[in-house]
file data.cif (mmCIF, C-alpha atoms)
data_upload
loop_
_atom_site.label_atom_id
_atom_site.label_comp_id
_atom_site.auth_asym_id
_atom_site.auth_seq_id
_atom_site.Cartn_x
_atom_site.Cartn_y
_atom_site.Cartn_z
CA MET D 510 -3.10 -35.95 -41.62
CA SER D 511 -1.83 -36.87 -38.16
CA HIS D 512 -4.44 -37.04 -35.43
CA LEU D 513 -4.12 -35.73 -31.90
CA ARG D 514 -2.76 -38.18 -29.38
CA GLU D 515 -4.79 -38.98 -26.29
CA GLU D 516 -2.37 -36.94 -24.23
CA GLU D 517 -3.07 -33.91 -26.41
CA LEU D 518 -6.81 -34.48 -26.15
CA VAL D 519 -6.52 -34.54 -22.35
CA GLU D 520 -4.56 -31.30 -22.44
CA TYR D 521 -7.18 -29.78 -24.72
CA PHE D 522 -9.97 -30.84 -22.34
CA TYR D 523 -8.41 -28.91 -19.47
CA THR D 524 -7.49 -25.85 -21.53
CA ARG D 525 -10.57 -25.70 -23.74
CA GLY D 526 -11.69 -22.48 -22.08
CA ASP D 527 -8.57 -20.70 -23.35
CA ALA D 528 -8.89 -18.91 -26.66
CA ASP D 529 -5.54 -20.24 -27.83
CA ALA D 530 -5.95 -23.77 -26.47
CA PRO D 531 -3.66 -26.14 -28.37
CA GLY D 532 -5.54 -28.59 -30.58
CA ARG D 533 -8.70 -26.52 -30.85
CA ARG D 534 -8.50 -26.02 -34.60
CA HIS D 535 -7.71 -29.68 -35.22
CA VAL D 536 -10.57 -30.97 -33.08
CA GLU D 537 -12.98 -28.61 -34.80
CA ASN D 538 -11.90 -29.80 -38.27
CA CYS D 539 -11.20 -33.50 -37.73
CA ALA D 540 -14.22 -35.75 -37.28
CA GLU D 541 -12.17 -38.62 -35.88
CA CYS D 542 -10.46 -36.50 -33.25
CA ALA D 543 -13.74 -34.74 -32.45
CA GLU D 544 -15.32 -38.14 -31.76
CA ALA D 545 -12.39 -39.21 -29.58
CA TYR D 546 -12.55 -35.94 -27.72
CA THR D 547 -16.29 -36.28 -27.14
CA ALA D 548 -15.75 -39.72 -25.60
CA LEU D 549 -12.98 -38.39 -23.38
CA ARG D 550 -15.05 -35.41 -22.30
CA THR D 551 -18.01 -37.63 -21.47
CA ASP D 552 -15.85 -39.89 -19.31
CA LEU D 553 -14.26 -37.04 -17.42
CA GLU D 554 -17.46 -35.10 -16.93
CA GLU D 555 -19.25 -38.15 -15.61
CA MET D 556 -16.68 -38.72 -12.92
CA GLU D 557 -18.23 -37.65 -9.67
CA PHE D 558 -16.06 -37.68 -6.63
CA ALA D 559 -17.19 -37.16 -3.11
CA GLU D 560 -17.13 -33.53 -2.09
CA PRO D 561 -15.14 -32.71 1.04
CA PRO D 562 -17.27 -32.77 4.19
CA ALA D 563 -18.25 -29.30 5.34
CA ARG D 564 -16.32 -27.79 8.21
CA ASP D 565 -18.08 -25.53 10.68
CA ALA D 566 -16.99 -22.02 11.57
CA GLY D 567 -15.06 -23.23 14.59
CA TYR D 568 -12.85 -25.60 12.62
CA GLY D 569 -9.94 -23.23 12.29
CA VAL D 570 -10.04 -22.42 16.00
CA ARG D 571 -9.97 -26.11 16.88
CA VAL D 572 -7.01 -26.67 14.58
CA TRP D 573 -5.21 -23.81 16.28
CA ASP D 574 -6.04 -25.13 19.74
CA SER D 575 -4.47 -28.46 18.97
CA LEU D 576 -1.53 -26.89 17.21
CA ALA D 577 -0.64 -24.02 19.52
CA GLN D 578 0.93 -26.14 22.24
CA ARG D 579 3.33 -27.70 19.78
CA LEU D 580 4.68 -24.43 18.46
CA PRO D 581 7.69 -22.79 20.09
CA ALA D 582 7.64 -19.00 19.94
CA TYR D 583 10.10 -17.36 17.61
CA GLU D 584 12.75 -15.34 19.37
CA ALA D 585 12.46 -11.66 18.65
CA PRO D 586 15.50 -10.55 16.68
CA ARG D 587 18.16 -9.33 19.09
CA ARG D 588 19.07 -5.71 18.90
CA HIS D 589 22.64 -4.98 18.09
CA TRP D 590 24.50 -3.29 20.93
CA LEU D 591 24.85 -0.18 18.80
CA ARG D 592 21.09 0.01 18.63
CA SER D 593 20.51 -0.14 22.36
CA GLY D 594 19.15 3.02 23.95
CA PHE D 595 22.32 4.25 25.62
CA TRP D 596 24.64 3.73 22.70
CA MET D 597 22.12 5.01 20.23
CA GLY D 598 21.72 8.20 22.27
CA LEU D 599 25.46 8.56 22.52
CA SER D 600 25.79 8.10 18.78
CA TYR D 601 23.22 10.79 18.14
CA ALA D 602 24.97 13.18 20.54
CA ALA D 603 28.33 12.56 18.88
CA ALA D 604 26.83 13.03 15.44
CA CYS D 605 25.20 16.29 16.49
CA GLY D 606 28.45 17.53 18.05
CA LEU D 607 30.35 16.72 14.89
CA LEU D 608 27.74 18.48 12.79
CA VAL D 609 27.86 21.65 14.90
CA THR D 610 31.66 21.71 14.91
CA SER D 611 31.78 21.21 11.15
CA ALA D 612 29.24 23.97 10.62
CA PHE D 613 31.20 26.34 12.86
CA ILE D 614 34.50 25.69 11.09
CA ALA D 615 32.87 25.95 7.68
CA GLY D 616 31.17 29.20 8.68
CA THR D 617 34.40 30.68 10.00
CA LEU D 618 36.30 29.79 6.87
CA TRP D 619 33.53 31.07 4.64
CA GLU D 620 33.29 34.36 6.50
CA LYS D 621 37.04 34.83 6.37
CA ASN D 622 37.04 34.10 2.68
CA GLN D 623 34.19 36.50 2.05
CA THR D 624 35.93 39.29 3.99
CA ASN D 625 39.15 38.85 2.05
CA THR D 626 37.31 38.84 -1.24
CA ALA D 627 35.32 41.94 -0.35
CA THR D 628 38.33 43.96 0.75
CA THR D 629 40.36 43.10 -2.30
CA THR D 630 37.72 43.44 -5.00
CA ARG D 631 34.99 45.86 -4.07
CA PRO D 632 33.45 47.70 -1.12
CA ALA D 633 30.76 45.92 0.82
CA PRO D 634 27.33 46.79 -0.60
CA PRO D 635 24.91 48.50 1.77
CA ALA D 636 22.22 45.98 0.90
CA PRO D 637 21.03 45.16 4.45
CA LYS D 638 20.59 48.77 5.35
CA GLU D 639 18.70 49.46 2.12
CA LYS D 640 16.41 46.59 2.85
CA VAL D 641 15.61 47.95 6.31
CA VAL D 642 14.94 51.40 4.86
CA LEU D 643 12.60 49.93 2.26
CA VAL D 644 10.73 47.94 4.86
CA VAL D 645 10.29 50.95 7.10
CA LEU D 646 9.37 53.23 4.22
CA GLY D 647 6.83 50.74 2.92
CA ASP D 648 5.22 50.48 6.31
CA HIS D 649 5.25 54.25 6.73
CA LEU D 650 3.61 54.84 3.37
CA ASP D 651 0.97 52.18 4.13
CA ARG D 652 0.01 53.93 7.34
CA SER D 653 0.14 57.33 5.73
CA GLU D 654 -2.13 56.16 2.92
CA ARG D 655 -4.67 54.85 5.41
CA LEU D 656 -4.56 58.14 7.32
CA LEU D 657 -5.09 60.18 4.17
CA VAL D 658 -8.00 58.01 3.10
CA GLU D 659 -9.60 58.39 6.50
CA LEU D 660 -9.00 62.12 6.40
CA LYS D 661 -10.52 62.39 2.93
CA HIS D 662 -13.71 60.71 4.08
CA ALA D 663 -13.75 62.12 7.60
CA ASP D 664 -17.05 63.39 8.97
CA VAL D 665 -16.20 66.90 10.00
CA ASP D 666 -19.04 67.04 12.53
CA SER D 667 -17.92 64.04 14.49
CA ALA D 668 -15.19 64.72 17.01
CA GLU D 669 -15.04 61.05 17.95
CA MET D 670 -14.02 60.14 14.43
CA VAL D 671 -11.43 62.82 13.83
CA SER D 672 -9.69 62.57 17.18
CA PRO D 673 -7.81 59.36 16.34
CA LEU D 674 -6.56 61.01 13.15
CA ARG D 675 -4.57 63.50 15.16
CA ASP D 676 -3.01 60.82 17.32
CA GLU D 677 -2.02 58.80 14.30
CA ALA D 678 -0.61 61.91 12.63
CA LYS D 679 1.60 62.52 15.65
CA SER D 680 2.86 59.00 15.48
CA LEU D 681 3.58 59.22 11.77
CA LEU D 682 5.25 62.62 11.95
CA ALA D 683 8.37 61.38 13.68
CA ALA D 684 8.81 58.57 11.19
CA ASN D 685 8.14 60.87 8.29
CA ARG D 686 10.88 63.25 9.39
CA VAL D 687 13.41 60.44 9.43
CA CYS D 688 12.27 59.25 6.02
CA LEU D 689 12.40 62.77 4.67
CA LYS D 690 15.92 63.24 6.00
CA SER D 691 16.97 60.03 4.33
CA ALA D 692 15.30 61.06 1.08
CA THR D 693 17.00 64.46 1.18
CA GLN D 694 20.40 62.73 1.35
CA GLY D 695 19.47 60.47 -1.54
CA ASP D 696 18.74 61.29 -5.15
CA ASP D 697 15.01 60.61 -5.35
CA PRO D 698 13.25 63.98 -5.93
CA GLU D 699 9.77 62.45 -6.19
CA LEU D 700 10.13 60.81 -2.81
CA LYS D 701 11.57 63.96 -1.32
CA THR D 702 8.68 66.09 -2.62
CA ALA D 703 5.98 63.68 -1.52
CA LEU D 704 7.42 63.22 1.93
CA GLY D 705 7.79 66.98 2.26
CA ASP D 706 4.11 67.50 1.41
CA LEU D 707 3.16 64.72 3.76
CA ASN D 708 5.29 66.26 6.48
CA ARG D 709 3.41 69.57 6.26
CA LEU D 710 0.06 67.87 6.43
CA LEU D 711 1.02 65.67 9.36
CA ASP D 712 2.49 68.66 11.14
CA GLU D 713 -0.72 70.60 10.77
CA LEU D 714 -2.86 67.63 11.78
CA SER D 715 -0.89 66.93 14.93
CA SER D 716 -0.31 70.51 16.01
CA GLN D 717 -3.92 71.49 16.65
CA PRO D 718 -3.91 71.95 20.45
CA GLU D 719 -7.68 72.34 20.64
CA GLY D 720 -8.33 69.38 18.38
CA LEU D 721 -9.56 69.21 14.84
CA ASN D 722 -12.54 71.38 14.09
CA SER D 723 -14.62 71.17 10.96
CA ALA D 724 -12.94 74.15 9.37
CA ALA D 725 -9.45 72.73 9.86
CA ILE D 726 -10.42 69.39 8.45
CA ALA D 727 -12.05 70.94 5.43
CA ARG D 728 -8.92 72.98 4.77
CA LEU D 729 -6.63 69.98 5.09
CA GLN D 730 -8.85 67.96 2.80
CA SER D 731 -8.66 70.74 0.26
CA GLU D 732 -4.87 70.99 0.49
CA MET D 733 -4.49 67.25 0.22
CA ASN D 734 -6.61 67.13 -2.89
CA SER D 735 -4.93 70.10 -4.52
CA ASP D 736 -1.49 68.62 -3.90
CA GLY D 737 -2.59 65.18 -5.06
CA LEU D 738 -0.87 63.88 -1.94
CA LEU D 739 -2.83 60.63 -1.67
CA PHE D 740 -2.02 59.83 -5.27
CA GLU D 741 1.68 60.56 -4.69
CA VAL D 742 1.79 58.29 -1.66
CA ARG D 743 0.10 55.49 -3.60
CA VAL D 744 2.56 55.83 -6.46
CA LEU D 745 5.47 55.71 -4.07
CA ARG D 746 4.01 52.72 -2.28
CA SER D 747 3.65 50.87 -5.55
CA ARG D 748 7.37 51.34 -6.20
CA ILE D 749 8.25 49.31 -3.13
CA PRO D 750 8.03 45.53 -3.59
CA GLU D 751 5.10 44.02 -1.68
CA GLY D 752 7.25 41.66 0.38
CA GLN D 753 9.35 44.47 1.79
CA ALA D 754 6.53 45.78 3.90
CA ALA D 755 5.34 42.47 5.21
CA GLY D 756 5.12 42.19 8.94
CA THR D 757 5.83 45.83 9.60
CA THR D 758 3.09 46.79 11.93
CA GLY D 759 4.87 48.73 14.61
CA ALA D 760 5.66 52.45 14.66
CA GLY D 761 7.59 53.38 11.56
CA GLY D 762 10.27 55.50 13.21
CA GLY D 763 11.32 52.80 15.61
CA LYS D 764 13.04 50.68 13.02
CA ILE D 765 15.49 53.15 11.57
CA MET A 1221 -6.52 -21.95 -5.10
CA VAL A 1222 -6.19 -20.25 -1.77
CA ARG A 1223 -6.23 -16.49 -1.87
CA MET A 1224 -4.22 -14.34 0.47
CA GLY A 1225 -5.70 -12.04 3.05
CA LYS A 1226 -4.62 -8.45 3.15
CA ASN A 1227 -2.74 -8.59 6.39
CA ASP A 1228 -1.07 -11.99 6.17
CA HIS A 1229 2.33 -10.36 5.88
CA ALA A 1230 1.74 -8.23 8.97
CA VAL A 1231 0.77 -11.35 10.91
CA ILE A 1232 3.89 -13.16 9.74
CA GLU A 1233 6.06 -10.27 10.87
CA ALA A 1234 4.42 -10.39 14.29
CA VAL A 1235 4.98 -14.15 14.56
CA LEU A 1236 8.64 -13.85 13.61
CA ALA A 1237 8.99 -11.09 16.19
CA GLY A 1238 7.95 -13.55 18.88
CA ASP A 1239 4.16 -13.28 18.91
CA LYS A 1240 3.26 -16.96 18.55
CA GLU A 1241 -0.43 -16.37 19.10
CA ALA A 1242 -0.60 -14.23 15.97
CA TYR A 1243 -0.15 -17.38 13.91
CA GLY A 1244 -3.60 -18.42 15.10
CA ALA A 1245 -5.11 -15.86 12.74
CA LEU A 1246 -3.45 -17.53 9.76
CA VAL A 1247 -4.53 -20.96 10.96
CA VAL A 1248 -8.14 -19.90 11.30
CA ARG A 1249 -8.07 -18.13 7.95
CA HIS A 1250 -6.61 -20.98 5.90
CA SER A 1251 -7.59 -24.21 7.65
CA GLU A 1252 -10.82 -24.82 5.78
CA SER A 1253 -9.37 -24.39 2.30
CA LEU A 1254 -6.42 -26.60 3.23
CA PHE A 1255 -8.82 -29.24 4.46
CA ARG A 1256 -10.66 -29.25 1.13
CA VAL A 1257 -7.60 -29.94 -0.97
CA ALA A 1258 -6.24 -32.39 1.60
CA PHE A 1259 -9.47 -34.36 1.54
CA ARG A 1260 -9.58 -34.45 -2.24
CA ILE A 1261 -6.11 -35.92 -2.33
CA THR A 1262 -6.33 -38.29 0.62
CA ARG A 1263 -10.02 -39.18 0.16
CA ASN A 1264 -10.18 -39.56 3.92
CA GLU A 1265 -11.50 -37.12 6.50
CA ALA A 1266 -9.16 -38.07 9.34
CA ASP A 1267 -6.15 -38.02 7.04
CA ALA A 1268 -7.21 -34.62 5.72
CA ASP A 1269 -7.37 -33.29 9.28
CA ASP A 1270 -3.89 -34.64 9.92
CA VAL A 1271 -2.63 -33.04 6.72
CA VAL A 1272 -4.04 -29.66 7.72
CA GLN A 1273 -2.24 -29.78 11.05
CA GLU A 1274 0.97 -31.07 9.56
CA ALA A 1275 0.97 -28.41 6.85
CA LEU A 1276 0.37 -25.59 9.30
CA LEU A 1277 3.04 -26.97 11.61
CA ARG A 1278 5.57 -27.18 8.78
CA GLY A 1279 4.53 -23.75 7.64
CA TYR A 1280 5.24 -22.36 11.10
CA GLN A 1281 8.62 -24.02 11.25
CA LYS A 1282 9.58 -22.69 7.83
CA LEU A 1283 8.05 -19.28 8.30
CA ALA A 1284 11.43 -17.56 8.48
CA SER A 1285 12.13 -18.73 4.93
CA PHE A 1286 8.83 -17.37 3.64
CA ARG A 1287 9.57 -14.57 1.22
CA ALA A 1288 7.69 -11.35 1.81
CA GLU A 1289 6.82 -10.92 -1.86
CA SER A 1290 5.08 -14.32 -1.95
CA ASN A 1291 1.48 -15.18 -1.22
CA PHE A 1292 1.12 -17.01 2.08
CA GLY A 1293 -2.08 -18.73 0.92
CA THR A 1294 -0.34 -20.20 -2.13
CA TRP A 1295 2.72 -21.09 -0.09
CA ILE A 1296 0.85 -22.98 2.63
CA TYR A 1297 -1.36 -24.60 -0.04
CA ARG A 1298 1.72 -26.12 -1.67
CA ILE A 1299 2.93 -27.36 1.69
CA ALA A 1300 -0.45 -28.98 2.28
CA VAL A 1301 -0.31 -30.69 -1.12
CA ARG A 1302 3.13 -32.07 -0.28
CA CYS A 1303 1.89 -33.26 3.10
CA ALA A 1304 -1.09 -34.95 1.47
CA LEU A 1305 1.19 -36.52 -1.08
CA ASP A 1306 3.39 -37.86 1.71
CA LYS A 1307 0.31 -39.15 3.45
CA ILE A 1308 -1.02 -41.16 0.54
CA GLY A 1309 2.47 -42.08 -0.61
CA GLY A 1310 3.06 -43.74 2.74
CA ARG A 1311 0.16 -46.06 2.27
CA LYS A 1312 0.49 -49.24 0.37
CA VAL A 1313 -1.78 -49.33 -2.64
CA ASN A 1314 -3.36 -52.52 -1.38
CA ASP A 1315 -4.11 -50.85 1.92
CA ALA A 1316 -6.06 -48.19 0.20
CA SER A 1317 -9.18 -50.26 -0.11
CA ARG A 1318 -10.40 -53.37 1.50
CA VAL A 1319 -13.01 -55.56 0.00
CA SER A 1320 -15.97 -55.91 2.27
CA ASP A 1321 -19.59 -56.83 2.19
CA GLU A 1322 -20.67 -53.21 2.28
CA THR A 1323 -19.20 -50.13 0.68
CA SER A 1324 -17.83 -47.61 3.13
CA PRO A 1325 -15.68 -44.79 1.81
CA GLU A 1326 -14.99 -43.67 5.36
CA LEU A 1327 -13.35 -46.97 6.14
CA GLN A 1328 -11.91 -47.28 2.65
CA GLU A 1329 -13.93 -50.40 2.17
CA VAL A 1330 -15.55 -51.13 -1.16
CA GLN A 1331 -17.68 -53.87 -2.57
CA VAL A 1332 -16.11 -54.81 -5.89
CA ALA A 1333 -16.47 -58.54 -6.18
CA ASP A 1334 -19.95 -58.77 -7.64
CA TRP A 1335 -19.57 -57.42 -11.17
CA ALA A 1336 -22.65 -59.29 -12.23
CA ALA A 1337 -24.81 -57.03 -10.16
CA GLY A 1338 -25.68 -54.95 -13.24
CA PRO A 1339 -25.66 -51.22 -13.83
CA ASP A 1340 -29.10 -50.54 -12.42
CA ARG A 1341 -28.13 -51.90 -9.06
CA LEU A 1342 -24.82 -50.13 -9.21
CA LEU A 1343 -26.57 -46.85 -9.86
CA LEU A 1344 -29.14 -47.37 -7.20
CA SER A 1345 -26.69 -48.32 -4.52
CA GLY A 1346 -24.32 -45.50 -5.37
CA GLU A 1347 -21.57 -47.93 -6.07
CA ILE A 1348 -20.49 -46.09 -9.16
CA GLY A 1349 -19.03 -43.55 -6.80
CA ALA A 1350 -17.36 -46.32 -4.89
CA MET A 1351 -15.91 -47.66 -8.13
CA GLN A 1352 -14.50 -44.28 -8.90
CA GLU A 1353 -13.00 -44.09 -5.45
CA THR A 1354 -11.40 -47.43 -6.01
CA ALA A 1355 -10.10 -46.30 -9.36
CA MET A 1356 -8.60 -43.26 -7.70
CA HIS A 1357 -6.86 -45.43 -5.15
CA SER A 1358 -5.27 -47.39 -7.97
CA LEU A 1359 -3.31 -44.32 -9.02
CA THR A 1360 0.13 -43.54 -7.70
CA ALA A 1361 0.37 -40.76 -5.19
CA THR A 1362 1.80 -38.35 -7.75
CA GLU A 1363 -0.79 -39.26 -10.39
CA ARG A 1364 -3.65 -38.90 -7.96
CA THR A 1365 -2.43 -35.59 -6.63
CA ALA A 1366 -1.76 -34.23 -10.11
CA PHE A 1367 -5.22 -35.34 -11.25
CA VAL A 1368 -6.95 -33.80 -8.23
CA LEU A 1369 -5.15 -30.50 -8.68
CA ARG A 1370 -5.95 -30.45 -12.40
CA HIS A 1371 -9.47 -31.84 -12.41
CA MET A 1372 -10.89 -30.48 -9.15
CA GLU A 1373 -8.72 -27.56 -8.12
CA ASP A 1374 -8.32 -26.06 -11.62
CA CYS A 1375 -4.57 -25.70 -11.22
CA THR A 1376 -2.39 -25.25 -14.29
CA THR A 1377 0.34 -27.74 -15.06
CA ASP A 1378 2.89 -25.14 -13.96
CA GLU A 1379 1.20 -24.80 -10.59
CA ILE A 1380 0.97 -28.57 -10.24
CA GLY A 1381 4.63 -28.93 -11.09
CA THR A 1382 5.58 -26.34 -8.48
CA ALA A 1383 3.41 -27.94 -5.82
CA LEU A 1384 4.77 -31.41 -6.48
CA GLY A 1385 8.33 -30.31 -7.01
CA ILE A 1386 8.44 -31.64 -10.57
CA GLY A 1387 8.63 -30.03 -13.98
CA SER A 1388 5.62 -28.76 -15.85
CA ASN A 1389 5.90 -31.46 -18.50
CA ALA A 1390 6.19 -34.19 -15.87
CA ALA A 1391 3.06 -32.78 -14.24
CA LYS A 1392 1.24 -32.92 -17.58
CA GLN A 1393 2.33 -36.54 -18.05
CA ALA A 1394 1.14 -37.42 -14.54
CA VAL A 1395 -2.28 -35.97 -15.29
CA PHE A 1396 -2.45 -37.86 -18.56
CA ARG A 1397 -1.50 -41.18 -16.96
CA ALA A 1398 -4.10 -40.64 -14.25
CA VAL A 1399 -6.83 -39.91 -16.79
CA ARG A 1400 -5.94 -42.94 -18.88
CA LYS A 1401 -5.92 -45.27 -15.85
CA LEU A 1402 -9.22 -43.92 -14.61
CA ARG A 1403 -10.85 -44.33 -18.00
CA ILE A 1404 -9.67 -47.93 -18.25
CA ARG A 1405 -10.81 -48.70 -14.72
CA LEU A 1406 -14.18 -47.11 -15.25
CA ALA A 1407 -14.74 -48.42 -18.77
CA VAL A 1408 -16.68 -51.31 -17.38
CA LEU A 1409 -19.37 -48.95 -16.20
CA ARG A 1410 -19.66 -47.41 -19.59
CA VAL A 1411 -19.99 -50.76 -21.32
CA ARG A 1412 -22.61 -52.05 -18.90
CA THR A 1413 -24.69 -48.92 -19.05
#
call {"tool": "encode", "arguments": {"input": "data.cif", "output": "structure tokens"}}
result
Amino acid sequence: MSHLREEELVEYFYTRGDADAPGRRHVENCAECAEAYTALRTDLEEMEFAEPPARDAGYGVRVWDSLAQRLPAYEAPRRHWLRSGFWMGLSYAAACGLLVTSAFIAGTLWEKNQTNTATTTRPAPPAPKEKVVLVVLGDHLDRSERLLVELKHADVDSAEMVSPLRDEAKSLLAANRVCLKSATQGDDPELKTALGDLNRLLDELSSQPEGLNSAAIARLQSEMNSDGLLFEVRVLRSRIPEGQAAGTTGAGGGKI
Amino acid sequence: MVRMGKNDHAVIEAVLAGDKEAYGALVVRHSESLFRVAFRITRNEADADDVVQEALLRGYQKLASFRAESNFGTWIYRIAVRCALDKIGGRKVNDASRVSDETSPELQEVQVADWAAGPDRLLLSGEIGAMQETAMHSLTATERTAFVLRHMEDCTTDEIGTALGIGSNAAKQAVFRAVRKLRIRLAVLRVRT
């Protein structure tokens, strides 16, 4: 059995805290090496060297004071001429000009290409117009629904409450006529019927020169309920995607 | 081992951009720890102060070569070790200690002639410490530095090798030689006690 050399014992002394310290198993199982290690450990642990003198809190500052005068300042890295303000601005301007020109040429070519393709393959779809119609119709139906709800729950004895209904009906009537005309030209019988019913109601609401009295309101409420007009408007409104009516707060007729 | 502050890199960037005064923050932050290791290697307060200044000066001059991914504390620590090594390497071994009537570690003077004084007196007068100092001065600069870093600074042999610019195995051998020399030098105390 070969014993650990002194060099290995020294290494073991300084790595003894490690779980996989080399020589650990041998020292633990070899009495001779364990004795040699104990002697080494005793010698090293008994060595007491003078601790460094304490330095006060101002030590670092004093070191800096004596050092600062000997240090030349580093030169800040010089900026390349391309990075100077004028040239950098000019570069940006040129880049922007190039970008705009490229976009214009690309747009022109794309538009020309699209036109050629459309004329040779198929007629241009009326998508933009349809979108506008849907937006306006959605807004119109929203407003109409609100009016019908207010009418349904209107207090017939309160002139202050029913007066705004007539004004709103006037405003909606013009838009409704346009929508009805559009629906008549199209092939949507449900829309045509509902807008026709709505048109009659709005016409009656807005054409009361002396204002809405309790008898008129009661009659309109009855007609609205018998026709199921509010339900029809809600069904129609649900057919229009939610996003199409977003932001449409102005008078309905103005957008067609 | 010196640990790095959070904003050492930001300070270094400022210094390299021309703000010399920013380096003062690094000096204040690391001076004390550099002094400790410098003193342990040089065994002399004035020399340790010189080493601190020299290390920080060299560090400033080499700051442009400092890599951003490194730890400034470790980097300047190694420079200080090299400065301390140069300091003690420049001394002649015989100059390290002078025999005098009284022991004075400050003046590197030690009373070693009277071996017949006996262990009791040695203990009482604190001359065991002086003997150990003398034993330390008998080591070569590399051995002493390697021993200090291993025994007092808890550095690994890899770290010692890096600091001294030698291989890990050479660092291990230097530590071993230092331990063996110290044990031989100090054996007399063990026998007499």
call {"tool": "atom_distance", "arguments": {"input": "data.cif", "atom1": "CA of Asp574 in chain D", "atom2": "CA of Pro561 in chain D"}}
result
22.1 Å
call {"tool": "atom_distance", "arguments": {"input": "data.cif", "atom1": "CA of Ala566 in chain D", "atom2": "CA of Leu1283 in chain A"}}
result
25.4 Å
call {"tool": "closest_residue", "arguments": {"input": "data.cif", "among": "A:Lys1282, A:Lys1307, A:Lys1240, A:Arg1405", "to": "chain D", "atoms": "only C-alpha atoms"}}
result
A:Lys1240
call {"tool": "interface_residues", "arguments": {"input": "data.cif", "of": "chain A", "to": "chain D", "cutoff": "7 Å", "atoms": "all atoms listed in the file", "output": "PyMOL selection string"}}
result
chain A and resi 1235-1240+1244+1247-1249+1251-1252+1256+1259-1260+1273+1349+1396+1403
call {"tool": "atom_distance", "arguments": {"input": "data.cif", "atom1": "CA of Asp697 in chain D", "atom2": "CA of Arg748 in chain D"}}
result
12.0 Å
call {"tool": "resolve_selection", "arguments": {"input": "data.cif", "expression": "the PyMOL selection byres ((chain D and resi 704) around 9)", "output": "list in words"}}
result
Asn685, Arg686, Cys688, Leu689, Ala692, Glu699, Leu700, Lys701, Thr702, Ala703, Gly705, Asp706, Leu707, Asn708, Arg709 and Val742 of chain D
call {"tool": "resolve_selection", "arguments": {"input": "data.cif", "expression": "the PyMOL selection byres ((chain A and resi 1263) around 9)", "output": "PyMOL selection string"}}
result
(chain D and resi 559+561) or (chain A and resi 1258-1262+1264-1265+1267-1268+1325-1326+1328+1353+1356-1357)
call {"tool": "write_last_selection", "arguments": {"input": "data.cif", "atoms": "C-alpha atoms", "output": "PDB file, in the frame of the given file"}}
result
ATOM      1  CA  ALA D 559     -17.190 -37.160  -3.110  1.00  0.00           C
ATOM      2  CA  PRO D 561     -15.140 -32.710   1.040  1.00  0.00           C
TER       3      PRO D 561
ATOM      4  CA  ALA A1258      -6.240 -32.390   1.600  1.00  0.00           C
ATOM      5  CA  PHE A1259      -9.470 -34.360   1.540  1.00  0.00           C
ATOM      6  CA  ARG A1260      -9.580 -34.450  -2.240  1.00  0.00           C
ATOM      7  CA  ILE A1261      -6.110 -35.920  -2.330  1.00  0.00           C
ATOM      8  CA  THR A1262      -6.330 -38.290   0.620  1.00  0.00           C
ATOM      9  CA  ASN A1264     -10.180 -39.560   3.920  1.00  0.00           C
ATOM     10  CA  GLU A1265     -11.500 -37.120   6.500  1.00  0.00           C
ATOM     11  CA  ASP A1267      -6.150 -38.020   7.040  1.00  0.00           C
ATOM     12  CA  ALA A1268      -7.210 -34.620   5.720  1.00  0.00           C
ATOM     13  CA  PRO A1325     -15.680 -44.790   1.810  1.00  0.00           C
ATOM     14  CA  GLU A1326     -14.990 -43.670   5.360  1.00  0.00           C
ATOM     15  CA  GLN A1328     -11.910 -47.280   2.650  1.00  0.00           C
ATOM     16  CA  GLU A1353     -13.000 -44.090  -5.450  1.00  0.00           C
ATOM     17  CA  MET A1356      -8.600 -43.260  -7.700  1.00  0.00           C
ATOM     18  CA  HIS A1357      -6.860 -45.430  -5.150  1.00  0.00           C
TER      19      HIS A1357
END
call {"tool": "closest_residue", "arguments": {"input": "data.cif", "among": "D:Val658, D:Leu714, D:Val609, D:Pro698", "to": "Leu681 in chain D", "atoms": "all atoms listed in the file"}}
result
D:Leu714
call {"tool": "resolve_selection", "arguments": {"input": "data.cif", "expression": "the PyMOL selection byres ((chain A and resi 1401) around 12)", "output": "PyMOL selection string"}}
result
(chain D and resi 552-553) or (chain A and resi 1352+1354-1360+1363-1364+1367+1394-1400+1402-1407)
call {"tool": "closest_residue", "arguments": {"input": "data.cif", "among": "D:Ala602, D:Ala663, D:Leu710, D:Leu608", "to": "Leu682 in chain D", "atoms": "all atoms listed in the file"}}
result
D:Leu710
call {"tool": "closest_residue", "arguments": {"input": "data.cif", "among": "D:Leu646, D:Thr551, D:His512, D:Leu657", "to": "Val536 in chain D", "atoms": "only C-alpha atoms"}}
result
D:His512
call {"tool": "residues_around", "arguments": {"input": "data.cif", "residues": "Ser1388 in chain A", "least_positions_apart": "5", "cutoff": "6 Å", "atoms": "all atoms listed in the file", "output": "PyMOL selection string"}}
result
chain A and resi 1377-1378+1381
call {"tool": "residues_around", "arguments": {"input": "data.cif", "residues": "Asn538 in chain D", "least_positions_apart": "4", "cutoff": "12 Å", "atoms": "all atoms listed in the file", "output": "ChimeraX atom specification"}}
result
/D:510,512-513,532-534,542-544
call {"tool": "closest_residue", "arguments": {"input": "data.cif", "among": "A:Ala1366, A:Val1408, A:Ala1390, A:Val1231", "to": "Ala1245 in chain A", "atoms": "all atoms listed in the file"}}
result
A:Val1231
call {"tool": "closest_residue", "arguments": {"input": "data.cif", "among": "D:Ala530, D:Asp651, D:Gln623, D:Leu607", "to": "Val744 in chain D", "atoms": "only C-alpha atoms"}}
result
D:Asp651
